[in-house]
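Peer 1: To be precise about what I am sending: the file is called start37.txt and holds compact mmCIF, C-alpha atoms.
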# COMPACT_ATOMS: atom_id res chain seq x y z
CA MET A 1 192.51 102.10 -28.87
CA ILE A 2 194.45 99.54 -26.84
CA MET A 3 198.10 100.29 -27.45
CA PRO A 4 200.87 97.66 -27.52
CA ASN A 5 202.48 99.62 -24.68
CA ASN A 6 201.04 102.59 -22.81
CA LEU A 7 203.82 104.38 -20.96
CA GLY A 8 201.45 107.03 -19.67
CA ARG A 9 199.68 104.45 -17.52
CA GLN A 10 202.87 103.54 -15.66
CA TYR A 11 203.71 107.20 -15.17
CA SER A 12 200.28 107.93 -13.72
CA LEU A 13 200.70 105.20 -11.10
CA HIS A 14 203.39 107.22 -9.32
CA ALA A 15 203.18 110.64 -10.96
CA GLU A 16 203.68 112.66 -7.78
CA GLU A 17 206.93 110.84 -6.97
CA TYR A 18 208.33 111.40 -10.46
CA GLU A 19 207.42 115.07 -10.44
CA HIS A 20 208.84 115.61 -6.96
CA LYS A 21 212.12 113.99 -7.96
CA ALA A 22 212.32 115.96 -11.22
CA LEU A 23 211.93 119.26 -9.36
CA GLU A 24 214.46 118.14 -6.78
CA VAL A 25 217.03 117.51 -9.50
CA LEU A 26 216.23 120.74 -11.35
CA ARG A 27 216.60 122.78 -8.17
CA SER A 28 219.85 121.07 -7.20
CA GLY A 29 221.86 122.92 -9.84
CA TRP A 30 223.92 119.76 -10.52
CA TYR A 31 223.00 117.78 -13.63
CA ILE A 32 225.93 115.53 -14.65
CA LEU A 33 227.61 112.81 -12.53
CA GLY A 34 226.24 113.90 -9.20
CA LYS A 35 224.60 112.34 -6.18
CA GLU A 36 221.62 110.93 -8.09
CA VAL A 37 223.87 108.91 -10.42
CA SER A 38 226.00 107.65 -7.53
CA ALA A 39 222.92 106.69 -5.53
CA PHE A 40 221.29 104.93 -8.46
CA GLU A 41 224.46 103.00 -9.22
CA GLU A 42 224.60 101.74 -5.64
CA GLU A 43 220.89 100.88 -5.57
CA TRP A 44 220.89 99.11 -8.94
CA ALA A 45 224.00 97.08 -8.06
CA SER A 46 222.34 96.04 -4.81
CA TYR A 47 219.09 95.12 -6.59
CA ILE A 48 220.87 93.03 -9.21
CA GLY A 49 223.33 91.52 -6.74
CA SER A 50 226.55 92.78 -8.29
CA LYS A 51 229.42 94.68 -6.72
CA TYR A 52 229.56 97.56 -9.17
CA CYS A 53 227.23 99.49 -11.46
CA VAL A 54 228.27 102.20 -13.90
CA GLY A 55 225.60 104.45 -15.39
CA LEU A 56 225.83 105.12 -19.13
CA ALA A 57 223.91 107.02 -21.79
CA SER A 58 222.20 104.02 -23.41
CA GLY A 59 222.00 100.25 -23.63
CA LEU A 60 223.88 100.25 -26.94
CA ASP A 61 226.70 102.18 -25.28
CA ALA A 62 226.74 99.54 -22.55
CA LEU A 63 227.23 96.85 -25.19
CA TRP A 64 229.87 98.35 -27.44
CA ILE A 65 231.89 99.79 -24.58
CA SER A 66 231.79 96.40 -22.86
CA PHE A 67 233.31 94.66 -25.86
CA ARG A 68 235.82 97.48 -26.29
CA LEU A 69 237.04 97.23 -22.69
CA LEU A 70 237.11 93.43 -22.86
CA ASP A 71 239.53 93.85 -25.78
CA ILE A 72 237.21 92.40 -28.42
CA LYS A 73 238.49 93.83 -31.68
CA ALA A 74 238.75 93.40 -35.44
CA GLY A 75 239.15 89.78 -36.43
CA ASP A 76 237.57 88.42 -33.26
CA ASP A 77 234.33 86.39 -33.32
CA VAL A 78 231.44 86.79 -30.89
CA VAL A 79 228.61 84.25 -30.63
CA VAL A 80 225.12 85.79 -30.56
CA CYS A 81 221.55 84.64 -31.09
CA ALA A 82 220.29 84.96 -34.66
CA ASN A 83 216.94 86.45 -33.60
CA ALA A 84 218.35 89.13 -31.29
CA TYR A 85 217.58 92.81 -31.73
CA ILE A 86 220.03 94.39 -34.15
CA ALA A 87 221.52 96.66 -31.45
CA CYS A 88 223.01 93.54 -29.87
CA VAL A 89 224.89 92.83 -33.08
CA MET A 90 225.91 96.46 -33.43
CA GLY A 91 227.61 96.27 -30.05
CA ILE A 92 229.85 93.60 -31.57
CA THR A 93 230.49 95.08 -35.00
CA MET A 94 231.15 98.63 -33.77
CA ASN A 95 234.41 97.18 -32.45
CA GLY A 96 235.22 95.51 -35.77
CA ALA A 97 234.43 92.03 -34.48
CA ASN A 98 232.34 89.43 -36.33
CA PRO A 99 228.95 88.17 -35.10
CA ILE A 100 228.65 84.37 -35.24
CA PHE A 101 224.93 83.64 -35.26
CA VAL A 102 223.30 80.73 -33.45
CA GLU A 103 219.67 79.70 -33.87
CA PRO A 104 217.09 80.33 -31.13
CA ASP A 105 215.37 77.59 -29.15
CA LYS A 106 211.68 77.16 -28.36
CA TYR A 107 211.97 79.77 -25.61
CA ASP A 108 212.97 82.48 -28.14
CA ASN A 109 216.49 82.72 -26.73
CA ILE A 110 219.83 81.35 -27.91
CA ASP A 111 219.93 77.56 -28.18
CA ALA A 112 222.83 76.88 -25.82
CA THR A 113 223.17 73.33 -27.16
CA LYS A 114 224.28 74.80 -30.51
CA ILE A 115 226.86 77.28 -29.22
CA GLU A 116 229.82 74.93 -29.04
CA GLU A 117 229.57 73.92 -32.70
CA ALA A 118 229.63 77.62 -33.67
CA ILE A 119 232.91 78.36 -31.88
CA THR A 120 235.84 79.16 -34.18
CA PRO A 121 239.56 79.60 -33.47
CA ASN A 122 238.84 83.35 -33.41
CA THR A 123 235.93 83.21 -30.97
CA LYS A 124 236.60 85.44 -27.96
CA ALA A 125 233.18 85.97 -26.40
CA ILE A 126 229.53 85.01 -26.11
CA LEU A 127 226.77 87.62 -26.02
CA SER A 128 223.89 86.16 -24.04
CA VAL A 129 220.69 88.08 -24.85
CA HIS A 130 217.87 87.55 -22.35
CA LEU A 131 215.12 88.27 -24.85
CA PHE A 132 211.50 89.27 -24.08
CA GLY A 133 212.07 89.13 -20.30
CA GLN A 134 213.22 85.53 -19.94
CA ALA A 135 216.64 84.22 -18.95
CA CYS A 136 218.89 82.16 -21.21
CA ASP A 137 220.34 78.87 -19.97
CA MET A 138 223.28 80.48 -18.21
CA THR A 139 224.50 77.17 -16.74
CA LYS A 140 225.31 75.77 -20.18
CA ILE A 141 226.58 79.10 -21.47
CA MET A 142 229.00 79.57 -18.58
CA ASP A 143 230.18 75.96 -18.84
CA ILE A 144 231.05 76.54 -22.51
CA ALA A 145 232.67 79.89 -21.76
CA ASN A 146 234.85 78.36 -19.06
CA LYS A 147 235.79 75.41 -21.28
CA TYR A 148 236.98 77.68 -24.12
CA ASN A 149 238.15 80.61 -21.98
CA LEU A 150 235.60 83.00 -23.50
CA LYS A 151 234.33 86.31 -22.17
CA VAL A 152 230.60 86.53 -21.50
CA VAL A 153 228.54 89.69 -21.91
CA GLU A 154 224.89 89.53 -20.88
CA ASP A 155 222.36 91.76 -22.61
CA CYS A 156 219.69 92.29 -19.97
CA ALA A 157 217.94 95.17 -21.73
CA GLN A 158 214.60 93.35 -21.61
CA SER A 159 215.14 91.46 -18.36
CA HIS A 160 215.07 93.79 -15.38
CA GLY A 161 214.69 91.58 -12.33
CA ASN A 162 214.91 88.22 -14.07
CA HIS A 163 216.67 85.18 -12.67
CA TRP A 164 218.27 81.95 -13.77
CA LYS A 165 218.00 79.34 -11.02
CA GLY A 166 217.52 82.08 -8.44
CA GLN A 167 220.46 84.24 -9.53
CA SER A 168 219.86 87.59 -11.21
CA VAL A 169 220.69 87.83 -14.89
CA GLY A 170 223.60 90.15 -15.47
CA THR A 171 225.66 88.58 -12.69
CA PHE A 172 226.87 85.45 -14.49
CA GLY A 173 229.21 86.88 -17.11
CA ASP A 174 232.01 89.42 -17.09
CA VAL A 175 229.56 92.27 -17.70
CA GLY A 176 225.79 92.68 -17.55
CA CYS A 177 224.38 95.37 -19.87
CA PHE A 178 221.10 97.16 -19.22
CA SER A 179 219.05 99.55 -21.28
CA PHE A 180 216.63 101.90 -19.54
CA TYR A 181 214.83 102.93 -22.71
CA PRO A 182 211.34 104.13 -21.66
CA SER A 183 209.56 100.91 -22.68
CA LYS A 184 211.84 98.70 -20.56
CA GLY A 185 210.78 97.26 -17.20
CA CYS A 186 212.63 99.97 -15.30
CA GLY A 187 212.39 102.57 -18.03
CA ALA A 188 213.79 106.07 -17.89
CA PHE A 189 212.12 109.15 -19.38
CA GLY A 190 214.64 109.22 -22.22
CA ASP A 191 217.72 107.23 -23.16
CA ALA A 192 219.79 105.68 -20.38
CA GLY A 193 221.74 102.51 -19.63
CA CYS A 194 224.30 100.92 -17.33
CA ILE A 195 226.60 97.97 -16.84
CA VAL A 196 227.11 95.79 -13.79
CA THR A 197 230.20 93.77 -12.94
CA ASP A 198 232.02 92.24 -10.01
CA ASN A 199 235.40 93.26 -11.46
CA GLU A 200 236.62 96.36 -9.64
CA GLU A 201 239.26 97.28 -12.23
CA LEU A 202 236.80 96.82 -15.10
CA ALA A 203 234.24 99.06 -13.35
CA LYS A 204 236.94 101.69 -12.95
CA GLN A 205 237.74 101.49 -16.67
CA PHE A 206 234.05 102.02 -17.51
CA ARG A 207 233.91 105.12 -15.31
CA ILE A 208 236.96 106.54 -17.04
CA PHE A 209 235.85 105.60 -20.55
CA ARG A 210 232.34 107.09 -20.21
CA ASN A 211 233.77 110.51 -19.35
CA TYR A 212 236.09 111.21 -22.30
CA GLY A 213 238.63 108.75 -20.96
CA SER A 214 239.34 110.88 -17.90
CA GLU A 215 239.32 110.08 -14.21
CA LYS A 216 240.37 113.61 -13.35
CA ARG A 217 239.16 116.61 -15.35
CA TYR A 218 241.40 117.42 -18.31
CA HIS A 219 243.65 114.44 -17.57
CA ASN A 220 242.66 112.01 -20.32
CA MET A 221 244.02 108.50 -19.83
CA MET A 222 242.48 106.93 -22.94
CA VAL A 223 240.40 107.80 -25.99
CA GLY A 224 237.01 107.42 -24.39
CA SER A 225 233.45 108.45 -25.07
CA ASN A 226 230.78 110.78 -23.78
CA SER A 227 228.33 108.27 -22.33
CA ARG A 228 227.13 109.54 -18.99
CA LEU A 229 223.86 108.71 -17.29
CA ASP A 230 222.54 112.16 -16.40
CA GLU A 231 221.21 113.27 -13.02
CA MET A 232 217.61 113.66 -14.14
CA GLN A 233 217.34 110.17 -15.59
CA ALA A 234 219.19 108.67 -12.61
CA GLY A 235 216.82 110.35 -10.17
CA LEU A 236 213.72 109.22 -12.03
CA LEU A 237 215.15 105.71 -12.34
CA ARG A 238 215.56 105.62 -8.56
CA VAL A 239 211.81 106.20 -8.27
CA LYS A 240 211.11 103.49 -10.84
CA LEU A 241 213.46 101.03 -9.13
CA ALA A 242 211.58 101.41 -5.85
CA HIS A 243 208.48 100.10 -7.67
CA LEU A 244 210.11 97.63 -10.07
CA ASP A 245 209.07 94.50 -8.19
CA GLU A 246 205.43 95.59 -8.16
CA PHE A 247 205.64 96.43 -11.88
CA ASN A 248 207.02 92.97 -12.60
CA GLU A 249 204.39 91.28 -10.43
CA GLU A 250 201.61 93.09 -12.31
CA ARG A 251 203.01 92.03 -15.68
CA CYS A 252 203.20 88.46 -14.43
CA ARG A 253 199.49 88.62 -13.54
CA ILE A 254 198.64 89.93 -17.00
CA ALA A 255 200.72 87.18 -18.62
CA ALA A 256 199.09 84.54 -16.42
CA ARG A 257 195.67 85.61 -17.62
CA TYR A 258 196.77 85.48 -21.25
CA ASP A 259 198.14 82.00 -20.58
CA SER A 260 194.91 80.88 -18.99
CA GLU A 261 192.30 82.38 -21.30
CA ILE A 262 193.76 82.54 -24.81
CA ASN A 263 192.55 79.33 -26.43
CA SER A 264 192.84 79.89 -30.16
CA PRO A 265 194.33 76.84 -31.91
CA LEU A 266 196.12 79.26 -34.26
CA ILE A 267 198.21 80.73 -31.42
CA GLN A 268 201.28 79.25 -29.77
CA LYS A 269 201.69 80.86 -26.35
CA PRO A 270 205.16 81.54 -24.91
CA GLN A 271 206.88 78.90 -22.79
CA ILE A 272 209.05 79.45 -19.72
CA ARG A 273 212.36 77.65 -19.60
CA PRO A 274 212.65 75.39 -16.52
CA GLY A 275 214.94 77.21 -14.10
CA ALA A 276 214.05 80.64 -15.49
CA ASP A 277 211.42 83.20 -14.62
CA SER A 278 210.01 85.98 -16.78
CA THR A 279 209.22 89.63 -16.18
CA TRP A 280 207.26 89.67 -19.45
CA HIS A 281 208.89 92.62 -21.14
CA GLN A 282 206.85 91.35 -24.06
CA TYR A 283 204.16 88.69 -24.26
CA VAL A 284 205.20 87.14 -27.57
CA VAL A 285 203.00 84.56 -29.24
CA HIS A 286 203.82 82.61 -32.37
CA VAL A 287 201.27 82.49 -35.17
CA PRO A 288 202.72 79.95 -37.66
CA ASP A 289 200.14 80.90 -40.27
CA HIS A 290 198.05 84.03 -40.76
CA ARG A 291 200.11 86.29 -38.44
CA ASP A 292 199.57 89.35 -40.61
CA GLU A 293 195.85 88.62 -40.94
CA LEU A 294 195.57 88.42 -37.16
CA MET A 295 197.42 91.72 -36.78
CA GLU A 296 194.98 93.39 -39.17
CA TYR A 297 191.99 91.74 -37.48
CA LEU A 298 193.10 93.11 -34.10
CA LYS A 299 193.88 96.52 -35.56
CA GLU A 300 190.34 96.77 -36.97
CA ARG A 301 189.11 96.22 -33.41
CA GLY A 302 191.30 98.93 -31.93
CA ILE A 303 194.02 96.62 -30.63
CA GLY A 304 197.63 97.44 -31.37
CA THR A 305 200.35 94.80 -31.66
CA LEU A 306 204.04 94.80 -32.58
CA ILE A 307 206.50 92.43 -34.24
CA HIS A 308 209.74 91.86 -32.34
CA TYR A 309 211.50 91.58 -34.79
CA PRO A 310 210.46 91.42 -38.48
CA ILE A 311 213.97 91.19 -39.98
CA PRO A 312 216.69 88.98 -38.42
CA PRO A 313 220.02 90.86 -38.17
CA HIS A 314 221.77 88.60 -40.69
CA LEU A 315 219.25 89.67 -43.35
CA SER A 316 219.36 93.36 -42.49
CA GLU A 317 220.66 95.77 -45.11
CA ALA A 318 223.16 97.00 -42.51
CA TYR A 319 224.85 93.58 -42.47
CA THR A 320 224.85 92.75 -46.16
CA TYR A 321 228.63 92.78 -45.97
CA LEU A 322 228.59 89.66 -43.77
CA GLY A 323 227.48 87.67 -46.81
CA HIS A 324 224.52 85.86 -45.27
CA LYS A 325 221.51 84.89 -47.34
CA LYS A 326 217.94 83.84 -46.69
CA GLY A 327 217.91 80.25 -45.47
CA ASP A 328 221.16 80.48 -43.49
CA PHE A 329 219.28 80.55 -40.17
CA PRO A 330 215.84 79.11 -40.94
CA ILE A 331 214.56 79.00 -37.36
CA ALA A 332 215.31 82.67 -36.72
CA GLU A 333 213.80 83.52 -40.11
CA ARG A 334 210.67 81.51 -39.36
CA TYR A 335 210.29 83.21 -35.99
CA ALA A 336 210.51 86.62 -37.69
CA ASP A 337 207.53 85.60 -39.83
CA GLU A 338 205.37 84.34 -36.98
CA VAL A 339 206.06 86.27 -33.74
CA LEU A 340 203.56 88.81 -32.47
CA SER A 341 203.74 90.88 -29.28
CA LEU A 342 200.37 91.38 -27.60
CA PRO A 343 199.52 94.46 -25.53
CA MET A 344 201.47 94.34 -22.26
CA TYR A 345 201.92 97.30 -19.94
CA ASN A 346 201.57 98.36 -16.34
CA GLY A 347 198.16 99.86 -15.70
CA MET A 348 196.42 97.67 -18.29
CA THR A 349 192.85 97.17 -17.11
CA LYS A 350 191.03 93.86 -16.85
CA GLU A 351 188.51 95.15 -19.36
CA GLU A 352 191.22 95.94 -21.88
CA GLN A 353 192.73 92.51 -21.45
CA SER A 354 189.32 90.90 -21.90
CA ILE A 355 188.91 92.74 -25.20
CA VAL A 356 192.29 91.44 -26.41
CA ILE A 357 191.59 87.86 -25.31
CA ASP A 358 188.09 87.78 -26.79
CA ALA A 359 189.29 89.21 -30.10
CA ILE A 360 192.09 86.64 -30.43
CA ASN A 361 189.80 83.76 -29.53
CA SER A 362 187.23 84.89 -32.09
CA PHE A 363 189.76 85.12 -34.94
CA GLU A 364 189.08 82.54 -37.66
CA VAL A 365 190.51 81.80 -41.08
Can the structure from this file be put into structure tokens for me?
Peer 2:
Amino acid sequence: MIMPNNLGRQYSLHAEEYEHKALEVLRSGWYILGKEVSAFEEEWASYIGSKYCVGLASGLDALWISFRLLDIKAGDDVVVCANAYIACVMGITMNGANPIFVEPDKYDNIDATKIEEAITPNTKAILSVHLFGQACDMTKIMDIANKYNLKVVEDCAQSHGNHWKGQSVGTFGDVGCFSFYPSKGCGAFGDAGCIVTDNEELAKQFRIFRNYGSEKRYHNMMVGSNSRLDEMQAGLLRVKLAHLDEFNEERCRIAARYDSEINSPLIQKPQIRPGADSTWHQYVVHVPDHRDELMEYLKERGIGTLIHYPIPPHLSEAYTYLGHKKGDFPIAERYADEVLSLPMYNGMTKEEQSIVIDAINSFEV
């Protein structure tokens, strides 16, 4: 069976380093907000090119706490892509704000040319989601944000090490949010996340908020949360970070072979936006017709695939209260019916990739 993602392969590439670090943390006797978290925060900030990094418990925490500390609240509107993962929208609505959906472009990210027409008198922010490992058009997004005095939060959960015109994603807006869920480019061995920012006061507020609203034990300055990146995950992430560039380079090689050798007329291969690069968190093809038949065909041949994502947020049961209906965002809805993520993981063999390519090319209807 060729899995859509095989996390065990990436682990095996540097197993001794992970195990050494895990024992080091266990033997340290310090497991919350210690030297591993501090070191990772410094190293991640340096890698991304930001002044500050604050480790958190998850990527969703990074999102909702960002909007909370940017004073996005009930009655405010936040622009977001209509085909984003639902957690992106949850980061907005958990603060009582309203998601204002914008259709995706041909690169599967928000169509920046449509943002301005979606802005309302209540719009306070733009959530820029760098989906599938490719950067949004941050030049246009920041121009719009500056014109309307809007906050910008970047969701970089799937874009660890990506750039827009040579600048790392996560460093354009007010806050860059990262998830380190195990399947991500720099994945932890459990839940973990962080934010990056160049705003010293904002970084301080994140550090206070994540720890029950306290800077000093038992002196609570605000009603905060318990959202701390733990020492074990931070230590293991430090190992992963040391190899992140090689992980990304390998995924680029796998994607390049898919690009070169998949030749089925039924498949639309992903495109890279000029000015962007991709770390290929997912290799997402579009199959305008017969997507489900192709999935079943591959499954019968021992090849696993995934759909990212089958239900657009505006049609989710969770957001029925927003009042959207099918047809409101036809491009996002069409994408949900035709996207398919092919196997993509570090440690994927050439033989495995050949099996995937040959199976896709032999699919007929």
Peer 1: Choose the residue, out of A:Leu131, A:Met221, A:Ala118, A:Leu340, that has the smallest atom-to-atom separation from Lys269 of chain A; count only C-alpha atoms.
Peer 2: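 Selected residue with least distance to Lys269 of chain A: A:Leu340.
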Peer 1: As a ChimeraX atom specification, please: the residues near segment 194-211 of chain A (cut-off 10 Å, all atoms listed in the file, same-chain neighbours under 4 positions excluded).
Peer 2: /A:33,41,44-45,48-63,65-66,68-70,153-157,170-180,215-217,220-229
Peer 1: Compare A:Trp280, A:Tyr31, A:Tyr309, A:Tyr18 by their minimum atom-to-atom distance to Tyr85 of chain A, counting all atoms listed in the file, and give me the closest one.
Peer 2: A:Tyr309
Peer 1: Would you list the contacts of Ala82 of chain A as a PyMOL selection string, taking every protein, DNA or RNA residue within 10 Å and counting all atoms listed in the file, but skipping same-chain residues closer than 2 positions in sequence?
Peer 2: chain A and resi 79-80+84-86+89+99-104+109-111+312-315+328-333
Peer 1: Return the single residue from A:Ser278, A:Ser28, A:Ser12, A:Ser341 that is closest to Glu250 of chain A, with distances computed using all atoms listed in the file.
Peer 2: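 Selected residue with least distance to Glu250 of chain A: A:Ser278.
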Peer 1: Skip Phe40 of chain A itself and residues of its chain fewer than 6 positions away, then list as a PyMOL selection string all residues within 10 Å of it, counting all atoms listed in the file.
Peer 2: chain A and resi 46+53-55+229+231+233-239+241
Peer 1: Can you write just those residues out, C-alpha atoms, as a PDB file, keeping the file's coordinate frame?
Peer 2:
ATOM      1  CA  SER A  46     222.340  96.040  -4.810  1.00  0.00           C
ATOM      2  CA  CYS A  53     227.230  99.490 -11.460  1.00  0.00           C
ATOM      3  CA  VAL A  54     228.270 102.200 -13.900  1.00  0.00           C
ATOM      4  CA  GLY A  55     225.600 104.450 -15.390  1.00  0.00           C
ATOM      5  CA  LEU A 229     223.860 108.710 -17.290  1.00  0.00           C
ATOM      6  CA  GLU A 231     221.210 113.270 -13.020  1.00  0.00           C
ATOM      7  CA  GLN A 233     217.340 110.170 -15.590  1.00  0.00           C
ATOM      8  CA  ALA A 234     219.190 108.670 -12.610  1.00  0.00           C
ATOM      9  CA  GLY A 235     216.820 110.350 -10.170  1.00  0.00           C
ATOM     10  CA  LEU A 236     213.720 109.220 -12.030  1.00  0.00           C
ATOM     11  CA  LEU A 237     215.150 105.710 -12.340  1.00  0.00           C
ATOM     12  CA  ARG A 238     215.560 105.620  -8.560  1.00  0.00           C
ATOM     13  CA  VAL A 239     211.810 106.200  -8.270  1.00  0.00           C
ATOM     14  CA  LEU A 241     213.460 101.030  -9.130  1.00  0.00           C
TER      15      LEU A 241
END
Peer 1: Please measure the separation of atom CA of Lys114 of chain A and atom CA of Pro288 of chain A, giving the value in Å to one decimal.
Peer 2: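 Result for atom CA of Lys114 of chain A versus atom CA of Pro288 of chain A: 23.3 Å, one decimal.
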Peer 1: Under the rule that all atoms listed in the file are counted, which of A:Tyr148, A:Tyr319, A:Phe247, A:Phe132 is the nearest residue to Val284 of chain A?
Peer 2: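 Going through A:Tyr148, A:Tyr319, A:Phe247, A:Phe132 one by one, the smallest distance to Val284 of chain A is for A:Phe132.
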Peer 1: Distance atom CA of Asp259 of chain A-atom CA of Glu364 of chain A, one decimal place?
Peer 2: 19.3 Å
Peer 1: If you measure from atom CA of Ala336 of chain A to atom CA of Leu306 of chain A, what distance in Å do you get, rounded to one decimal?
Peer 2: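 So the answer is 11.6 Å.
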Peer 1: Once you add 5 Å to each side, what are the centre and edge lengths of the axis-aligned box holding all listed atoms of segment 234-249 of chain A? One decimal in Å, as JSON, if you can.
Peer 2:
{"center_x": 211.8, "center_y": 100.8, "center_z": -9.2, "size_x": 24.8, "size_y": 29.1, "size_z": 16.8}
Peer 1: For each of A:His160, A:Lys326, A:Lys140, A:Arg253, take the minimum atom-to-atom distance to Lys240 of chain A, counting only C-alpha atoms, then give the residue where this is smallest.
Peer 2: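 Among the listed residues, A:His160 lies closest to Lys240 of chain A.
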Peer 1: Would you please work out which residue, of A:Gly75, A:Gly133, A:Gly166, A:Gly213, is nearest to Pro121 of chain A when using only C-alpha atoms?
Peer 2: A:Gly75
Peer 1: Every residue with an atom at most 8 Å from (210.2, 89.6, -15.2) (file coordinates; all atoms listed in the file) is what I'm after, so could you write them as a list in words?
Peer 2: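 Answer for this query, in the requested form: Gly133, Gln134, Ser159, His160, Gly161, Asn162, Gly185, Asn248, Glu249, Arg251, Cys252, Asp277, Ser278, Thr279, Trp280 and His281 of chain A.
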Peer 1: How would you write as a ChimeraX atom specification the residues that get within 8 Å of (190.9, 96.0, -32.5) in the file's frame, counting only C-alpha atoms?
Peer 2: /A:1-2,297-304,356,359
Peer 1: Considering only C-alpha atoms, return as a PDB file with C-alpha atoms, in the frame of the given file whatever protein or nucleic-acid residues lie within 9 Å of Pro270 of chain A, sequence-local ones (same chain, fewer than 2 positions apart) excluded.
Peer 2:
ATOM      1  CA  LYS A 106     211.680  77.160 -28.360  1.00  0.00           C
ATOM      2  CA  TYR A 107     211.970  79.770 -25.610  1.00  0.00           C
ATOM      3  CA  ASP A 108     212.970  82.480 -28.140  1.00  0.00           C
ATOM      4  CA  ASP A 259     198.140  82.000 -20.580  1.00  0.00           C
ATOM      5  CA  GLN A 268     201.280  79.250 -29.770  1.00  0.00           C
ATOM      6  CA  ILE A 272     209.050  79.450 -19.720  1.00  0.00           C
ATOM      7  CA  TYR A 283     204.160  88.690 -24.260  1.00  0.00           C
ATOM      8  CA  VAL A 284     205.200  87.140 -27.570  1.00  0.00           C
ATOM      9  CA  VAL A 285     203.000  84.560 -29.240  1.00  0.00           C
ATOM     10  CA  HIS A 286     203.820  82.610 -32.370  1.00  0.00           C
TER      11      HIS A 286
END
Peer 1: Could you add the missing atoms to segment 264-280 of chain A, up to N, CA and C atoms, and return them as a compact mmCIF listing (two decimals), in the coordinates of the input?
Peer 2:
# COMPACT_ATOMS: atom_id res chain seq x y z
N SER A 264 192.89 80.06 -28.71
CA SER A 264 192.84 79.89 -30.16
C SER A 264 193.84 78.83 -30.60
N PRO A 265 193.41 77.87 -31.42
CA PRO A 265 194.33 76.84 -31.91
C PRO A 265 195.37 77.39 -32.88
N LEU A 266 195.19 78.64 -33.33
CA LEU A 266 196.12 79.26 -34.26
C LEU A 266 197.31 79.91 -33.55
N ILE A 267 197.22 79.98 -32.22
CA ILE A 267 198.21 80.73 -31.42
C ILE A 267 199.06 79.77 -30.61
N GLN A 268 200.36 79.97 -30.66
CA GLN A 268 201.28 79.25 -29.77
C GLN A 268 201.75 80.22 -28.68
N LYS A 269 201.35 79.96 -27.45
CA LYS A 269 201.69 80.86 -26.35
C LYS A 269 203.14 80.64 -25.90
N PRO A 270 203.76 81.66 -25.32
CA PRO A 270 205.16 81.54 -24.91
C PRO A 270 205.35 80.52 -23.80
N GLN A 271 206.52 79.88 -23.82
CA GLN A 271 206.88 78.90 -22.79
C GLN A 271 207.99 79.46 -21.91
N ILE A 272 208.01 79.03 -20.66
CA ILE A 272 209.05 79.45 -19.72
C ILE A 272 210.04 78.31 -19.55
N ARG A 273 211.31 78.65 -19.75
CA ARG A 273 212.36 77.65 -19.60
C ARG A 273 212.44 77.18 -18.15
N PRO A 274 212.47 75.87 -17.90
CA PRO A 274 212.65 75.39 -16.52
C PRO A 274 213.93 75.95 -15.92
N GLY A 275 213.80 76.56 -14.75
CA GLY A 275 214.94 77.21 -14.10
C GLY A 275 214.95 78.71 -14.28
N ALA A 276 214.12 79.20 -15.22
CA ALA A 276 214.05 80.64 -15.49
C ALA A 276 212.73 81.20 -14.96
N ASP A 277 212.69 82.51 -14.82
CA ASP A 277 211.42 83.20 -14.62
C ASP A 277 211.30 84.25 -15.72
N SER A 278 210.20 84.95 -15.77
CA SER A 278 210.01 85.98 -16.78
C SER A 278 209.38 87.21 -16.15
N THR A 279 209.84 88.37 -16.57
CA THR A 279 209.22 89.63 -16.18
C THR A 279 208.32 90.16 -17.29
N TRP A 280 208.20 89.39 -18.37
CA TRP A 280 207.26 89.67 -19.45
C TRP A 280 207.44 91.07 -20.02
